[in-house]
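Have a look at the structure below, then the notes.
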Amino acid sequence: MVIAGGFGVGKTTAVGSISEIEPLTTEAAITEVAAGVDDLSLTPHKTTTTVAMDFGCITIDPTLKLYLFGTPGQERFGFMWDDIVEGAVGGLVIVDTRRLDDCYAAVDYFEHKRIPFAVAANAFDGKVEHTLDEVRWALDVADHVPVVVFDARETGSVRDALLVVLELALARTEA
Amino acid sequence: MADGSIPPGSDPVGPAPAVRPFLVTAGRVAAGPSGRTMPVETQVVATVEGLGALDGLSFEQHDIVAACRRPQSIAELAARLRLHLNVVRVLAEDLREEGRLTVHVPDADATHDASVLRRLIDGLRAIPDSGKVLRDNGDNG
């Protein structure tokens, strides 16, 4: 399952609350072509950047593991999402209601890819800034996308958010 | 260790410099035999032959085979051994061709399989609300 969301919304915390392994970070080296701002000739040059992706694992039974992969926080690495999302059972877009803007890209992406996903508003300090209806309206998510509140620090809460996505995925296969 | 090998599960010394990944893979990038990149959750496990040949392997090949005494994803391997993901993809493919590793590419259809989804749902429901989550830090090798 893909765990998406902007920087600092609680992806690592959520993964850590439920993963059997300490959240690990894997790094993918990618080559970026960037125009050098400090380069007087403004010629494009290549740089190698390391993108970190957090992940965790839940062993369901001896033959089934559920991996949770956090997408890179920075939006400019959105092109990498195809690689992570291919083969994913679904996605969870974590939202900080104080900064709703940060997750538009993730919501658009999952809707475009038609992957089962849910939006989960992380309750920082035990509360969220807006009602769920306001969140839904602000993010302009389709009606069939579940929007829930959860606490990334609580195992049970993260579990329930993941279950919302899985149940949606199951409903789709049986539709 | 005196023979230069690194005990499984221990951390390598420091982060590798940026140029090193391309030297390790002799400049190759990561296309698998089908042309598709190995997904990050692909499971790898050492073969009996691979474990038997450990003493003859060095550096990253050695570390990968040793770490794969128990099955894990290439993402876990990359994180634990502090290697770049694409380096692990290329080396895992090399080791697979040499018979030292088995590589299990995940079944993409499984994510749309209702019985798999039900098993996931049942398994998650069984996780209790709170308390300690069992941590496996890979010390078991």
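Each chain in the structure tokens gets a letter, A, B and so on, in the order shown; residues start at 1 in every chain, and ligands are counted from 1 in the order they appear.
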Wanna dump the chain B-chain A contacts at 9 Å for me, each residue with its shortest atom pair and the distance in Å to one decimal, counting only C-alpha atoms, ordered by chain and number, as CSV?
```
residue,atom,partner,partner_atom,distance
B:Ala18,CA,A:Thr48,CA,8.0
B:Pro21,CA,A:Ala29,CA,8.9
B:Thr37,CA,A:Asp83,CA,8.4
B:Pro39,CA,A:Asp83,CA,7.3
B:Val40,CA,A:Ile84,CA,7.2
B:Glu41,CA,A:Tyr67,CA,7.2
B:Ala75,CA,A:Thr26,CA,5.9
B:Glu76,CA,A:Leu24,CA,7.1
B:Leu77,CA,A:Thr26,CA,8.5
B:Ala78,CA,A:Thr26,CA,5.8
B:Ala79,CA,A:Thr26,CA,4.5
B:Arg80,CA,A:Leu24,CA,7.7
B:Arg82,CA,A:Thr26,CA,7.6
B:Leu83,CA,A:Glu27,CA,7.5
B:His84,CA,A:Glu27,CA,5.3
B:Leu85,CA,A:Ala28,CA,5.1
B:Asn86,CA,A:Ala28,CA,6.6
B:Val87,CA,A:Ala28,CA,8.9
B:Pro106,CA,A:Gly87,CA,8.0
B:Asp107,CA,A:Gly87,CA,8.0
B:Ala108,CA,A:Gly87,CA,5.1
B:Asp109,CA,A:Gly87,CA,7.9
B:Ala110,CA,A:Val89,CA,8.4
B:Thr111,CA,A:Val89,CA,4.8
B:His112,CA,A:Thr173,CA,6.3
B:Asp113,CA,A:Thr173,CA,7.2
B:Ala114,CA,A:Leu170,CA,5.8
B:Ser115,CA,A:Leu170,CA,8.8
B:Val116,CA,A:Leu64,CA,8.5
B:Leu117,CA,A:Leu170,CA,6.0
B:Arg118,CA,A:Leu170,CA,7.3
B:Arg119,CA,A:Ile60,CA,7.5
B:Leu120,CA,A:Ile60,CA,6.4
B:Ile121,CA,A:Leu163,CA,6.3
B:Asp122,CA,A:Ile60,CA,8.5
B:Gly123,CA,A:Ile60,CA,5.1
B:Leu124,CA,A:Arg159,CA,6.5
B:Arg125,CA,A:Arg159,CA,7.5
B:Ile127,CA,A:Arg159,CA,7.5
B:Pro128,CA,A:Gly156,CA,6.5
B:Asp129,CA,A:Gly156,CA,3.9
B:Ser130,CA,A:Thr155,CA,5.6
B:Gly131,CA,A:Thr155,CA,8.2
B:Val133,CA,A:Glu20,CA,6.2
B:Leu134,CA,A:Glu20,CA,5.6
B:Arg135,CA,A:Glu20,CA,5.1
B:Asp136,CA,A:Ile21,CA,5.1
B:Asn137,CA,A:Ile21,CA,6.0
B:Gly138,CA,A:Ile21,CA,8.1
```
Mind checking DSSP for chain A and telling me the helix (DSSP H, G or I) residues as a PyMOL selection string?
chain A and resi 11-18+75-85+100-113+132-139+155-174
For Gln43 of chain B, please output as a list in words all residues within 6 Å (counting only C-alpha atoms; exclusion window: fewer than 4 positions along the same chain).
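Selected residues are Gln72, Ser73, Val103 and His104 of chain B.
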DSSP says strand (DSSP E) for which residues of segment 2-172 of chain A? Put them as an MDAnalysis selection string?
chainID A and resid 2:4 24:35 44:61 64:70 91:95 117:122 147:150
When you look at Glu98 of chain B with a cut-off of 12 Å (counting only C-alpha atoms), what residues show up, excluding the ones that are within fewer than 6 positions of it in the same chain? I need them as an MDAnalysis selection string.
chainID B and resid 46:47 49:50 53 57 61 65 91:92
Tell me, in Å to one decimal, how far atom CA of Pro72 of chain A is from atom CA of Val9 of chain A.
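Computing it gives 12.1 Å between the two atoms.
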Between atom CA of His130 of chain A and atom CA of Arg98 of chain A, what is the distance, to one decimal in Å?
8.4 Å
Do you have the atom CA of Thr131 of chain A-atom CA of Gly6 of chain A distance handy?
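Value for the atom CA of Thr131 of chain A-atom CA of Gly6 of chain A distance: 19.8 Å.
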